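Asks: The file below is start-v4.cif, mmCIF, C-alpha atoms:
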data_run
loop_
_atom_site.label_atom_id
_atom_site.label_comp_id
_atom_site.auth_asym_id
_atom_site.auth_seq_id
_atom_site.Cartn_x
_atom_site.Cartn_y
_atom_site.Cartn_z
CA MET B 1240 27.47 15.84 2.39
CA THR B 1241 30.58 16.97 4.21
CA ALA B 1242 31.85 14.38 6.66
CA GLY B 1243 30.87 14.98 10.24
CA ALA B 1244 28.20 17.56 9.47
CA VAL B 1245 25.55 16.42 11.91
CA ILE B 1246 23.24 19.33 12.67
CA THR B 1247 20.32 19.82 15.03
CA ALA B 1248 16.76 19.11 13.95
CA LYS B 1249 15.94 22.80 14.51
CA GLU B 1250 18.76 23.85 12.16
CA ALA B 1251 17.64 21.29 9.62
CA VAL B 1252 14.00 22.36 9.39
CA ALA B 1253 15.12 25.97 8.87
CA ARG B 1254 15.73 24.83 5.29
CA ILE B 1255 11.97 24.50 4.80
CA ARG B 1256 10.24 27.64 3.49
CA SER B 1257 6.59 28.56 3.23
CA GLY B 1258 5.08 27.17 0.04
CA ASP B 1259 7.60 24.35 -0.20
CA THR B 1260 6.84 20.79 -1.23
CA VAL B 1261 8.11 18.46 1.48
CA MET B 1262 8.43 14.68 1.16
CA VAL B 1263 8.17 12.75 4.38
CA GLY B 1264 9.12 9.07 4.62
CA GLY B 1265 7.31 6.34 6.51
CA PHE B 1266 4.45 3.90 6.14
CA GLY B 1267 2.14 5.30 8.78
CA LEU B 1268 4.48 6.14 11.63
CA VAL B 1269 6.88 3.25 10.90
CA GLY B 1270 10.00 4.68 9.34
CA ALA B 1271 8.73 8.25 9.69
CA PRO B 1272 11.34 10.88 10.69
CA LEU B 1273 9.54 11.79 13.91
CA THR B 1274 12.29 14.01 15.35
CA LEU B 1275 12.34 16.13 12.19
CA ILE B 1276 8.55 16.31 12.07
CA ASP B 1277 8.47 17.46 15.70
CA ALA B 1278 11.09 20.11 14.91
CA LEU B 1279 9.02 21.30 11.96
CA VAL B 1280 6.02 21.53 14.27
CA ASP B 1281 7.84 23.28 17.12
CA HIS B 1282 10.59 25.36 15.52
CA SER B 1283 9.43 26.38 12.04
CA ASP B 1284 6.90 28.92 10.84
CA ALA B 1285 6.84 27.53 7.29
CA THR B 1286 3.27 27.21 6.14
CA ASP B 1287 1.27 26.64 2.96
CA LEU B 1288 3.16 23.35 2.60
CA THR B 1289 2.55 20.58 0.09
CA ILE B 1290 3.21 17.29 1.85
CA VAL B 1291 4.16 14.19 -0.14
CA SER B 1292 3.78 11.22 2.17
CA ASN B 1293 1.99 7.89 2.00
CA ASN B 1294 -0.22 9.01 4.88
CA ILE B 1295 -0.77 12.31 6.67
CA GLY B 1296 0.26 10.81 10.02
CA GLU B 1297 -2.32 9.84 12.59
CA PRO B 1298 -4.51 12.10 14.74
CA GLY B 1299 -2.07 14.26 16.72
CA ARG B 1300 0.88 12.06 15.81
CA GLY B 1301 3.63 12.55 13.24
CA LEU B 1302 2.34 14.72 10.37
CA GLY B 1303 -1.02 14.79 12.17
CA LYS B 1304 0.52 17.48 14.41
CA LEU B 1305 1.40 19.66 11.43
CA LEU B 1306 -2.09 19.17 10.06
CA ARG B 1307 -3.61 20.40 13.33
CA GLN B 1308 -1.51 23.57 13.01
CA GLY B 1309 -3.18 24.28 9.67
CA ARG B 1310 0.16 24.45 7.86
CA ILE B 1311 -0.59 21.90 5.15
CA ARG B 1312 -2.14 23.31 1.98
CA ARG B 1313 -2.08 20.14 -0.06
CA GLY B 1314 -1.40 16.45 0.49
CA ILE B 1315 -0.17 13.95 -2.11
CA SER B 1316 -0.74 10.50 -0.67
CA SER B 1317 -2.09 7.01 -1.29
CA TYR B 1318 -4.04 6.73 1.94
CA PHE B 1319 -5.37 9.81 3.73
CA THR B 1320 -7.88 7.58 5.48
CA SER B 1321 -5.48 6.51 8.23
CA ASN B 1322 -5.88 10.01 9.69
CA PRO B 1323 -9.60 10.87 10.00
CA GLU B 1324 -8.62 14.47 10.77
CA ALA B 1325 -6.94 14.69 7.35
CA VAL B 1326 -10.08 13.34 5.72
CA ALA B 1327 -12.16 15.92 7.61
CA ALA B 1328 -9.77 18.70 6.55
CA VAL B 1329 -10.12 17.68 2.91
CA ASN B 1330 -13.90 17.50 3.13
CA ALA B 1331 -13.97 20.93 4.79
CA GLY B 1332 -11.90 22.34 1.93
CA GLU B 1333 -9.03 23.18 4.27
CA ILE B 1334 -6.51 21.08 2.38
CA GLU B 1335 -6.34 19.89 -1.19
CA ALA B 1336 -5.88 16.15 -1.68
CA THR B 1337 -4.20 14.33 -4.54
CA LEU B 1338 -4.78 10.60 -4.22
CA VAL B 1339 -2.31 8.32 -6.00
CA PRO B 1340 -2.20 4.50 -6.08
CA GLN B 1341 0.60 3.43 -3.77
CA GLY B 1342 2.76 1.78 -6.41
CA THR B 1343 2.38 4.75 -8.73
CA PHE B 1344 3.23 7.06 -5.83
CA ALA B 1345 6.44 5.12 -5.14
CA GLU B 1346 7.42 4.88 -8.81
CA ALA B 1347 6.70 8.58 -9.44
CA ILE B 1348 9.07 9.49 -6.62
CA ARG B 1349 11.66 7.05 -7.95
CA ALA B 1350 11.27 8.64 -11.38
CA GLY B 1351 11.59 12.10 -9.84
CA GLY B 1352 14.90 11.14 -8.30
CA ALA B 1353 16.16 9.32 -11.38
CA GLY B 1354 15.59 12.09 -13.90
CA ILE B 1355 12.75 10.27 -15.65
CA GLY B 1356 10.08 12.48 -17.19
CA GLY B 1357 7.24 10.10 -16.42
CA PHE B 1358 6.06 6.58 -17.13
CA TYR B 1359 3.06 4.67 -18.40
CA THR B 1360 1.39 2.26 -16.00
CA PRO B 1361 -1.72 0.11 -16.40
CA VAL B 1362 -2.64 0.87 -12.80
CA GLY B 1363 -5.63 3.17 -12.51
CA ALA B 1364 -6.65 2.96 -16.17
CA GLY B 1365 -10.43 2.97 -16.42
CA THR B 1366 -10.86 4.41 -12.92
CA LEU B 1367 -11.54 7.80 -11.34
CA LEU B 1368 -7.84 8.22 -10.59
CA ALA B 1369 -6.97 8.26 -14.31
CA GLU B 1370 -9.34 11.10 -15.13
CA GLY B 1371 -7.61 13.86 -17.06
CA LYS B 1372 -4.46 11.82 -17.57
CA GLU B 1373 -3.02 10.94 -20.95
CA GLU B 1374 -3.71 7.33 -21.93
CA ARG B 1375 -2.26 5.05 -24.55
CA LEU B 1376 -2.49 1.42 -25.54
CA ILE B 1377 0.76 -0.47 -25.02
CA ALA B 1378 0.74 -4.11 -26.17
CA GLY B 1379 -3.03 -3.81 -26.29
CA VAL B 1380 -3.34 -2.76 -22.66
CA ARG B 1381 -4.57 0.64 -21.49
CA HIS B 1382 -1.82 2.60 -19.76
CA VAL B 1383 -1.91 5.95 -17.97
CA LEU B 1384 0.87 8.53 -18.12
CA GLU B 1385 2.12 9.41 -14.66
CA GLU B 1386 4.46 12.33 -14.10
CA PRO B 1387 7.40 12.27 -11.70
CA ILE B 1388 7.10 13.68 -8.20
CA ARG B 1389 9.86 15.83 -6.73
CA ALA B 1390 10.12 18.03 -3.67
CA ASP B 1391 12.03 20.99 -2.32
CA VAL B 1392 12.94 19.11 0.83
CA ALA B 1393 12.82 15.41 1.77
CA LEU B 1394 12.70 14.29 5.38
CA VAL B 1395 13.70 10.64 5.72
CA TYR B 1396 14.49 8.22 8.52
CA ALA B 1397 17.22 5.60 8.57
CA ALA B 1398 18.13 3.36 11.49
CA ARG B 1399 21.83 3.97 10.95
CA ALA B 1400 23.94 6.55 9.15
CA ASP B 1401 27.63 7.18 8.97
CA THR B 1402 28.87 10.73 9.29
CA LEU B 1403 29.20 11.01 5.51
CA GLY B 1404 25.46 10.44 5.18
CA ASN B 1405 25.45 6.85 3.94
CA LEU B 1406 22.17 5.31 5.12
CA TRP B 1407 21.14 1.84 6.29
CA TYR B 1408 17.50 1.01 6.93
CA ARG B 1409 16.00 -1.54 9.27
CA ARG B 1410 13.22 -3.98 8.37
CA THR B 1411 9.96 -2.45 7.11
CA ALA B 1412 11.02 1.02 8.28
CA ARG B 1413 12.70 1.34 4.87
CA ASN B 1414 9.50 1.79 2.75
CA PHE B 1415 9.52 5.17 0.91
CA ASN B 1416 12.63 6.58 2.59
CA PRO B 1417 15.30 5.55 0.06
CA LEU B 1418 13.12 6.82 -2.80
CA MET B 1419 12.41 10.17 -1.22
CA ALA B 1420 16.07 10.65 -0.36
CA THR B 1421 16.75 10.83 -4.10
CA ALA B 1422 13.90 13.09 -5.17
CA ALA B 1423 14.34 16.43 -3.39
CA THR B 1424 16.55 19.48 -3.81
CA VAL B 1425 17.55 19.16 -0.15
CA THR B 1426 17.50 15.80 1.64
CA ILE B 1427 17.61 15.72 5.42
CA ALA B 1428 18.13 12.31 7.00
CA GLU B 1429 17.27 11.51 10.60
CA ALA B 1430 19.32 8.61 11.90
CA GLY B 1431 18.59 6.34 14.84
CA GLU B 1432 22.33 5.91 15.26
CA VAL B 1433 25.24 7.84 13.73
CA VAL B 1434 28.42 5.78 13.29
CA PRO B 1435 31.93 6.69 12.07
CA VAL B 1436 32.77 6.48 8.36
CA GLY B 1437 33.88 2.93 7.62
CA ASP B 1438 31.53 1.28 10.09
CA LEU B 1439 28.85 0.56 7.48
CA GLU B 1440 29.59 -2.31 5.12
CA PRO B 1441 29.66 -0.72 1.65
CA GLU B 1442 27.36 -3.49 0.36
CA SER B 1443 24.81 -2.72 3.06
CA VAL B 1444 24.53 0.98 2.20
CA VAL B 1445 21.09 1.48 0.65
CA THR B 1446 21.28 5.25 0.19
CA PRO B 1447 24.77 6.41 -0.84
CA HIS B 1448 25.77 9.69 0.80
CA LEU B 1449 25.59 11.79 -2.39
CA TYR B 1450 21.82 11.97 -1.89
CA VAL B 1451 22.02 13.29 1.66
CA ASP B 1452 22.57 16.98 2.45
CA HIS B 1453 22.06 17.07 6.20
CA LEU B 1454 22.14 14.53 8.97
CA VAL B 1455 20.23 14.78 12.25
CA ALA B 1456 20.32 12.36 15.17
CA ARG B 1457 16.98 10.98 16.35
CA ALA B 1458 16.02 12.51 19.69
CA MET E 1486 -16.10 -25.92 7.80
CA SER E 1487 -17.02 -24.15 11.00
CA GLY E 1488 -17.01 -20.78 12.66
CA ASP E 1489 -18.38 -17.43 11.52
CA PRO E 1490 -18.91 -16.69 7.80
CA LYS E 1491 -15.71 -14.66 7.49
CA SER E 1492 -13.58 -17.45 8.94
CA ARG E 1493 -15.24 -19.95 6.64
CA ILE E 1494 -14.48 -17.76 3.63
CA ALA E 1495 -10.84 -17.47 4.73
CA GLU E 1496 -10.64 -21.23 5.27
CA ARG E 1497 -11.91 -21.90 1.74
CA ALA E 1498 -9.61 -19.23 0.27
CA ALA E 1499 -6.60 -20.84 1.95
CA ARG E 1500 -7.26 -23.94 -0.14
CA GLU E 1501 -6.83 -21.90 -3.35
CA LEU E 1502 -3.19 -21.23 -2.54
CA ARG E 1503 -0.58 -23.65 -3.83
CA PRO E 1504 2.83 -24.52 -2.37
CA GLY E 1505 5.51 -22.06 -3.35
CA GLU E 1506 3.15 -19.34 -4.50
CA ILE E 1507 3.93 -15.73 -3.62
CA VAL E 1508 0.76 -14.32 -2.09
CA ASN E 1509 -0.26 -10.82 -0.98
CA LEU E 1510 -3.10 -10.66 1.53
CA GLY E 1511 -5.33 -7.63 1.88
CA ILE E 1512 -6.95 -6.23 4.99
CA GLY E 1513 -9.98 -7.96 6.55
CA ILE E 1514 -10.96 -11.52 5.62
CA PRO E 1515 -7.67 -12.18 3.73
CA ASN E 1516 -5.80 -11.46 6.96
CA LEU E 1517 -7.50 -14.51 8.51
CA ILE E 1518 -6.05 -16.84 5.86
CA PRO E 1519 -2.66 -17.54 7.53
CA GLY E 1520 -4.56 -19.23 10.37
CA PHE E 1521 -5.80 -21.80 7.86
CA LEU E 1522 -2.52 -22.44 6.04
CA GLY E 1523 -0.94 -25.58 7.36
CA ALA E 1524 2.57 -25.37 8.79
CA GLY E 1525 3.87 -27.08 5.65
CA SER E 1526 1.90 -24.97 3.16
CA LYS E 1527 5.04 -23.40 1.68
CA VAL E 1528 3.00 -20.36 0.63
CA VAL E 1529 5.23 -17.27 0.77
CA LEU E 1530 3.55 -14.07 1.94
CA HIS E 1531 4.44 -10.69 0.46
CA THR E 1532 3.43 -7.42 2.06
CA GLU E 1533 3.60 -4.30 -0.08
CA ASN E 1534 5.24 -2.17 2.59
CA GLY E 1535 8.44 -4.06 1.85
CA LEU E 1536 8.74 -7.64 3.11
CA LEU E 1537 8.76 -11.02 1.37
CA GLY E 1538 8.49 -13.91 3.83
CA VAL E 1539 5.97 -12.62 6.36
CA GLY E 1540 5.79 -14.80 9.47
CA PRO E 1541 3.18 -15.15 12.22
CA ARG E 1542 2.09 -12.38 14.56
CA PRO E 1543 4.73 -11.85 17.25
CA GLY E 1544 4.29 -12.54 20.92
CA GLU E 1545 4.40 -9.57 23.32
CA ASP E 1546 8.12 -10.12 23.94
CA GLU E 1547 8.96 -10.25 20.21
CA LEU E 1548 7.26 -6.98 19.20
CA ASP E 1549 9.45 -4.91 16.88
CA PRO E 1550 8.29 -1.38 16.06
CA ASP E 1551 10.09 -1.55 12.71
CA LEU E 1552 8.29 -4.69 11.55
CA ILE E 1553 4.68 -4.38 10.37
CA ASP E 1554 2.48 -5.54 7.51
CA ALA E 1555 0.42 -3.39 5.17
CA ALA E 1556 -2.43 -3.40 7.69
CA LYS E 1557 0.09 -1.70 10.04
CA GLN E 1558 -0.08 -4.70 12.37
CA PRO E 1559 3.05 -6.27 13.91
CA VAL E 1560 4.42 -9.32 12.13
CA THR E 1561 7.56 -11.44 12.15
CA ALA E 1562 9.88 -12.36 9.28
CA LEU E 1563 10.61 -15.99 8.44
CA PRO E 1564 14.07 -17.38 7.63
CA GLY E 1565 14.77 -16.50 4.01
CA ALA E 1566 12.81 -13.25 4.23
CA SER E 1567 13.93 -10.07 2.48
CA TYR E 1568 13.22 -6.37 2.88
CA PHE E 1569 12.96 -3.82 0.07
CA ASP E 1570 11.73 -0.31 -0.61
CA SER E 1571 8.22 0.52 -1.80
CA ALA E 1572 9.18 1.05 -5.45
CA ALA E 1573 10.79 -2.40 -5.57
CA SER E 1574 7.78 -3.88 -3.80
CA PHE E 1575 5.35 -2.51 -6.36
CA ALA E 1576 7.67 -3.43 -9.22
CA MET E 1577 7.27 -7.01 -7.97
CA ILE E 1578 3.50 -6.56 -8.00
CA ARG E 1579 3.09 -4.78 -11.36
CA GLY E 1580 5.79 -6.89 -12.95
CA GLY E 1581 3.76 -10.06 -12.40
CA HIS E 1582 6.13 -11.55 -9.83
CA VAL E 1583 3.42 -11.86 -7.18
CA ASP E 1584 1.31 -14.92 -7.99
CA VAL E 1585 -1.84 -14.16 -6.06
CA ALA E 1586 -3.55 -11.18 -4.46
CA VAL E 1587 -6.40 -11.96 -2.07
CA LEU E 1588 -8.51 -8.98 -1.16
CA GLY E 1589 -11.94 -7.86 -0.11
CA ALA E 1590 -14.41 -5.97 -2.27
CA LEU E 1591 -17.54 -3.86 -2.11
CA GLU E 1592 -18.72 -5.22 -5.47
CA VAL E 1593 -17.52 -7.54 -8.21
CA SER E 1594 -19.27 -7.57 -11.57
CA ALA E 1595 -20.08 -10.35 -14.01
CA ALA E 1596 -17.13 -9.15 -16.11
CA GLY E 1597 -14.72 -9.35 -13.18
CA ASP E 1598 -14.68 -5.60 -12.58
CA ILE E 1599 -13.81 -4.88 -8.97
CA ALA E 1600 -14.80 -1.98 -6.74
CA ASN E 1601 -13.09 -2.05 -3.38
CA TRP E 1602 -11.81 1.37 -2.47
CA ALA E 1603 -14.49 4.04 -2.58
CA VAL E 1604 -18.14 4.47 -1.77
CA PRO E 1605 -19.87 7.32 -3.64
CA GLY E 1606 -20.71 10.23 -1.41
CA LYS E 1607 -18.16 9.14 1.17
CA ASP E 1608 -14.49 9.95 1.49
CA VAL E 1609 -12.66 8.88 -1.67
CA LEU E 1610 -9.35 9.37 0.01
CA GLY E 1611 -7.70 6.02 0.51
CA VAL E 1612 -6.68 3.64 -2.26
CA GLY E 1613 -3.39 2.28 -0.90
CA GLY E 1614 -2.00 -0.53 -3.03
CA ALA E 1615 -5.34 -2.00 -4.14
CA MET E 1616 -5.21 -0.78 -7.75
CA ASP E 1617 -1.62 -1.95 -8.21
CA LEU E 1618 -2.39 -5.38 -6.73
CA VAL E 1619 -5.47 -6.18 -8.81
CA ILE E 1620 -3.68 -5.10 -12.01
CA GLY E 1621 -0.36 -6.77 -11.25
CA ALA E 1622 -1.03 -10.03 -9.44
CA ARG E 1623 -1.30 -13.00 -11.77
CA ARG E 1624 -4.39 -14.31 -9.97
CA VAL E 1625 -6.85 -12.12 -8.09
CA ILE E 1626 -9.04 -13.80 -5.48
CA VAL E 1627 -11.81 -11.77 -3.88
CA THR E 1628 -13.00 -12.86 -0.45
CA MET E 1629 -16.20 -11.19 0.69
CA THR E 1630 -19.59 -11.91 2.16
CA SER E 1631 -22.30 -12.40 -0.48
CA THR E 1632 -24.21 -9.32 0.63
CA SER E 1633 -23.33 -5.99 2.24
CA SER E 1634 -24.23 -5.15 5.82
CA ARG E 1635 -27.41 -3.63 4.36
CA GLY E 1636 -28.25 -6.91 2.65
CA GLU E 1637 -27.41 -5.74 -0.88
CA PRO E 1638 -25.84 -8.24 -3.30
CA LYS E 1639 -22.12 -7.79 -3.89
CA VAL E 1640 -21.76 -10.02 -6.96
CA VAL E 1641 -23.53 -7.70 -9.39
CA ALA E 1642 -24.28 -7.31 -13.09
CA GLU E 1643 -22.32 -4.05 -13.16
CA CYS E 1644 -20.47 -2.23 -10.40
CA THR E 1645 -22.12 0.93 -9.13
CA TYR E 1646 -19.19 1.96 -6.92
CA PRO E 1647 -16.01 3.48 -8.40
CA LEU E 1648 -13.83 0.78 -9.96
CA THR E 1649 -10.50 -0.36 -8.62
CA ALA E 1650 -9.88 -1.98 -12.02
CA PRO E 1651 -11.94 -3.38 -14.87
CA ALA E 1652 -11.92 -7.13 -15.65
CA ALA E 1653 -9.35 -8.01 -12.99
CA VAL E 1654 -10.92 -10.73 -10.82
CA ASP E 1655 -10.33 -14.47 -11.30
CA VAL E 1656 -12.07 -16.04 -8.30
CA ILE E 1657 -14.80 -14.88 -5.89
CA ILE E 1658 -15.27 -16.70 -2.60
CA THR E 1659 -18.26 -15.90 -0.39
CA GLU E 1660 -19.76 -17.81 2.53
CA LEU E 1661 -22.13 -19.49 0.05
CA SER E 1662 -20.10 -20.32 -3.01
CA VAL E 1663 -17.07 -20.08 -5.26
CA PHE E 1664 -17.34 -18.24 -8.58
CA ARG E 1665 -14.67 -18.33 -11.28
CA LEU E 1666 -14.28 -15.92 -14.19
CA ARG E 1667 -13.68 -17.90 -17.36
CA ASP E 1668 -13.83 -16.59 -20.90
CA GLY E 1669 -15.40 -13.38 -19.65
CA LYS E 1670 -18.23 -15.22 -17.90
CA LEU E 1671 -18.99 -15.91 -14.29
CA HIS E 1672 -19.14 -19.62 -13.43
CA LEU E 1673 -20.59 -20.91 -10.17
CA THR E 1674 -18.18 -23.77 -9.53
CA GLU E 1675 -18.77 -24.73 -5.93
CA LEU E 1676 -21.46 -24.50 -3.26
CA LEU E 1677 -20.23 -24.11 0.30
CA ASP E 1678 -21.65 -25.19 3.59
CA GLY E 1679 -24.81 -26.77 2.17
CA ALA E 1680 -25.89 -23.72 0.17
CA THR E 1681 -28.13 -24.28 -2.86
CA VAL E 1682 -27.98 -22.72 -6.32
CA ASP E 1683 -31.26 -20.93 -5.55
CA GLU E 1684 -29.80 -19.45 -2.37
CA VAL E 1685 -26.81 -18.18 -4.31
CA ALA E 1686 -29.01 -16.81 -7.10
CA ALA E 1687 -31.15 -14.96 -4.54
CA VAL E 1688 -28.18 -12.82 -3.46
CA THR E 1689 -26.44 -12.52 -6.85
CA THR E 1690 -27.60 -10.00 -9.44
CA ALA E 1691 -24.82 -10.95 -11.88
CA PRO E 1692 -25.74 -13.51 -14.53
CA PHE E 1693 -23.78 -16.72 -14.00
CA VAL E 1694 -23.34 -20.20 -15.44
CA VAL E 1695 -23.78 -23.15 -13.09
CA ASN E 1696 -20.80 -25.43 -13.48
CA LEU E 1697 -20.49 -27.49 -10.32
CA GLU E 1698 -18.18 -30.28 -11.40
CA GLU E 1699 -15.46 -29.07 -9.04
CA SER E 1700 -17.44 -29.42 -5.84
CA ASN E 1701 -18.48 -32.91 -6.89
CA ALA E 1702 -14.84 -33.76 -7.41
CA ARG E 1703 -13.89 -32.77 -3.88
#
Have the structure of the file written as structure tokens, please.
Replies:
Amino acid sequence: MTAGAVITAKEAVARIRSGDTVMVGGFGLVGAPLTLIDALVDHSDATDLTIVSNNIGEPGRGLGKLLRQGRIRRGISSYFTSNPEAVAAVNAGEIEATLVPQGTFAEAIRAGGAGIGGFYTPVGAGTLLAEGKEERLIAGVRHVLEEPIRADVALVYAARADTLGNLWYRRTARNFNPLMATAATVTIAEAGEVVPVGDLEPESVVTPHLYVDHLVARA
Amino acid sequence: MSGDPKSRIAERAARELRPGEIVNLGIGIPNLIPGFLGAGSKVVLHTENGLLGVGPRPGEDELDPDLIDAAKQPVTALPGASYFDSAASFAMIRGGHVDVAVLGALEVSAAGDIANWAVPGKDVLGVGGAMDLVIGARRVIVTMTSTSSRGEPKVVAECTYPLTAPAAVDVIITELSVFRLRDGKLHLTELLDGATVDEVAAVTTAPFVVNLEESNAR
């Protein structure tokens, strides 16, 4: 990122095109980039989106707003159930759902950002969620091949950013955000507070700025 | 023991946890366990959304919107706590660094198969971290009532609901008894609250061995 390039949320979501895969950070609404989601809801016409997020928001909140607009074609998530409207949309055939165990979901995004072509995990072996996936025995234990997950755009939230795009997270609002920041072609970070370069302790930077393309201040 | 069946199950489960163990608690009955851990228990709670060292529920004036557990309820962090991202959290779980997972179930089979995430014909749309936890935790303790709300046994010969994982459970605690999986067999090791073997057998379709030396030892 170029130093000082803080843009508006409206400008940022203009990077999202119809048909894109969009990662959205947060565990429920905690750590979710709510200003960016609202901008996507209010200022973008992009539709037919694939959303990669642990949950699809809550009814009428966070990604739940985008769902109500009918702009989500597919969700990749570990827990749709926290938004009954998302469950209803899946059952009505309005959106396609890919359910992934939460640890596999996190690791697949990590792999996507780290240039790893996939990994074998024992999680899910022998269950419905392993159907159709390649399996092999490793040290005598059934493992399932999981492919990496990447996105066109990642929307993440960090409590603090410097103007270079270095990110610092607060408490359990970290969750999937640092992983998603690495795994998209374009990463847009929403920051609770934007501070001058040099104000973040280098050791406390969780996401180095090379992952971040655009910075937006939380509304 | 006293109180409703779920509290009694949580109270008994709390006694399974040893000082210094790293423990992940699921939603429901497991969430009642901290109330039964003594102040000096030294059990360290892990929550998969990224915190090791979970403290008690906060008072109204301590609420922090950035600090929740995996049930999305507000918590506090104890001195010595640490925060980490979700990939690191599940690496701890799958890597065998979490000693115990305590979680609820719809069914557990005689072989220790567990079904706790999906009911056939209903929405199969939420698995969360359950599969990772039952595979990764070194000891898996299931806390559940002996029968479903419709009165159907939950300790069964074979699971009929979709599996969370095969052969993953070590201990089952219901309001009536404690079962332990040993050498691929289910052992009834303790009767709770005055229950009899016949009462347990009446609500258990899984074959089990009666091996009650532990409750006598208590």
Asks: Translate the PyMOL selection byres ((chain B) within 9 of (chain E)), as applied to the file shown, into an explicit residue set as a short mmCIF file (atom, residue, chain, number, x, y, z; two decimals) with C-alpha atoms, in the frame of the given file.
Replies:
data_model
loop_
_atom_site.label_atom_id
_atom_site.label_comp_id
_atom_site.auth_asym_id
_atom_site.auth_seq_id
_atom_site.Cartn_x
_atom_site.Cartn_y
_atom_site.Cartn_z
CA PHE B 1266 4.45 3.90 6.14
CA GLY B 1267 2.14 5.30 8.78
CA VAL B 1269 6.88 3.25 10.90
CA GLY B 1270 10.00 4.68 9.34
CA ASN B 1293 1.99 7.89 2.00
CA SER B 1316 -0.74 10.50 -0.67
CA SER B 1317 -2.09 7.01 -1.29
CA TYR B 1318 -4.04 6.73 1.94
CA PHE B 1319 -5.37 9.81 3.73
CA THR B 1320 -7.88 7.58 5.48
CA SER B 1321 -5.48 6.51 8.23
CA VAL B 1326 -10.08 13.34 5.72
CA ALA B 1327 -12.16 15.92 7.61
CA VAL B 1329 -10.12 17.68 2.91
CA ASN B 1330 -13.90 17.50 3.13
CA ALA B 1336 -5.88 16.15 -1.68
CA THR B 1337 -4.20 14.33 -4.54
CA LEU B 1338 -4.78 10.60 -4.22
CA VAL B 1339 -2.31 8.32 -6.00
CA PRO B 1340 -2.20 4.50 -6.08
CA GLN B 1341 0.60 3.43 -3.77
CA GLY B 1342 2.76 1.78 -6.41
CA THR B 1343 2.38 4.75 -8.73
CA PHE B 1344 3.23 7.06 -5.83
CA ALA B 1345 6.44 5.12 -5.14
CA GLU B 1346 7.42 4.88 -8.81
CA ALA B 1347 6.70 8.58 -9.44
CA ILE B 1348 9.07 9.49 -6.62
CA ARG B 1349 11.66 7.05 -7.95
CA THR B 1360 1.39 2.26 -16.00
CA PRO B 1361 -1.72 0.11 -16.40
CA VAL B 1362 -2.64 0.87 -12.80
CA GLY B 1363 -5.63 3.17 -12.51
CA ALA B 1364 -6.65 2.96 -16.17
CA GLY B 1365 -10.43 2.97 -16.42
CA THR B 1366 -10.86 4.41 -12.92
CA LEU B 1367 -11.54 7.80 -11.34
CA ARG B 1409 16.00 -1.54 9.27
CA ARG B 1410 13.22 -3.98 8.37
CA THR B 1411 9.96 -2.45 7.11
CA ALA B 1412 11.02 1.02 8.28
CA ARG B 1413 12.70 1.34 4.87
CA ASN B 1414 9.50 1.79 2.75
CA PHE B 1415 9.52 5.17 0.91
CA ASN B 1416 12.63 6.58 2.59
CA PRO B 1417 15.30 5.55 0.06
CA LEU B 1418 13.12 6.82 -2.80
#
Asks: Taking (-7.3, 12.3, 17.2) in the file's own coordinates, collect the residues within 7 Å, counting all atoms listed in the file, and hand them back as a PyMOL selection string.
Replies: chain B and resi 1298-1299+1324
Asks: One number please: CA of Cys1644 in chain E to CA of Glu1660 in chain E, in Å, one decimal.
Replies: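 Spanning CA of Cys1644 in chain E to CA of Glu1660 in chain E is a straight-line distance of 20.3 Å.
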Asks: Excluding Leu1522 in chain E and residues on its chain fewer than 3 positions from it, collect all residues at most 12 Å away from it, counting only C-alpha atoms, and give them as a compact mmCIF listing (two decimals) with C-alpha atoms, keeping the file's coordinate frame.
Replies:
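So the final result, stored in part_26.txt, reads:
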# COMPACT_ATOMS: atom_id res chain seq x y z
CA ALA E 1495 -10.84 -17.47 4.73
CA GLU E 1496 -10.64 -21.23 5.27
CA ARG E 1497 -11.91 -21.90 1.74
CA ALA E 1498 -9.61 -19.23 0.27
CA ALA E 1499 -6.60 -20.84 1.95
CA ARG E 1500 -7.26 -23.94 -0.14
CA GLU E 1501 -6.83 -21.90 -3.35
CA LEU E 1502 -3.19 -21.23 -2.54
CA ARG E 1503 -0.58 -23.65 -3.83
CA PRO E 1504 2.83 -24.52 -2.37
CA VAL E 1508 0.76 -14.32 -2.09
CA PRO E 1515 -7.67 -12.18 3.73
CA ASN E 1516 -5.80 -11.46 6.96
CA LEU E 1517 -7.50 -14.51 8.51
CA ILE E 1518 -6.05 -16.84 5.86
CA PRO E 1519 -2.66 -17.54 7.53
CA GLY E 1525 3.87 -27.08 5.65
CA SER E 1526 1.90 -24.97 3.16
CA LYS E 1527 5.04 -23.40 1.68
CA VAL E 1528 3.00 -20.36 0.63
CA VAL E 1529 5.23 -17.27 0.77
CA LEU E 1530 3.55 -14.07 1.94
CA GLY E 1540 5.79 -14.80 9.47
CA PRO E 1541 3.18 -15.15 12.22
Asks: Measure the distance from CA of Gly1511 in chain E to CA of Leu1588 in chain E in Å and round it to one decimal.
Replies: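 Between these atoms lies a distance of 4.6 Å.
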Asks: Can you tell me which residues surround Lys1639 in chain E at a distance of at most 7 Å, considering all atoms listed in the file, apart from same-chain residues fewer than 6 positions away, and format the answer as number ranges by chain?
Replies: E: 1591-1593, 1631-1633
Asks: Using only C-alpha atoms for the distances, tell me which of E:Ile1512, E:Ala1524, E:Ala1622, E:Ala1566 is nearest to Val1539 in chain E.
Replies: E:Ala1566
Asks: Using CA of Gly1488 in chain E and CA of Glu1698 in chain E as the two end points, give the distance in Å to one decimal.
Replies: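 Between CA of Gly1488 in chain E and CA of Glu1698 in chain E the gap works out to 25.9 Å.
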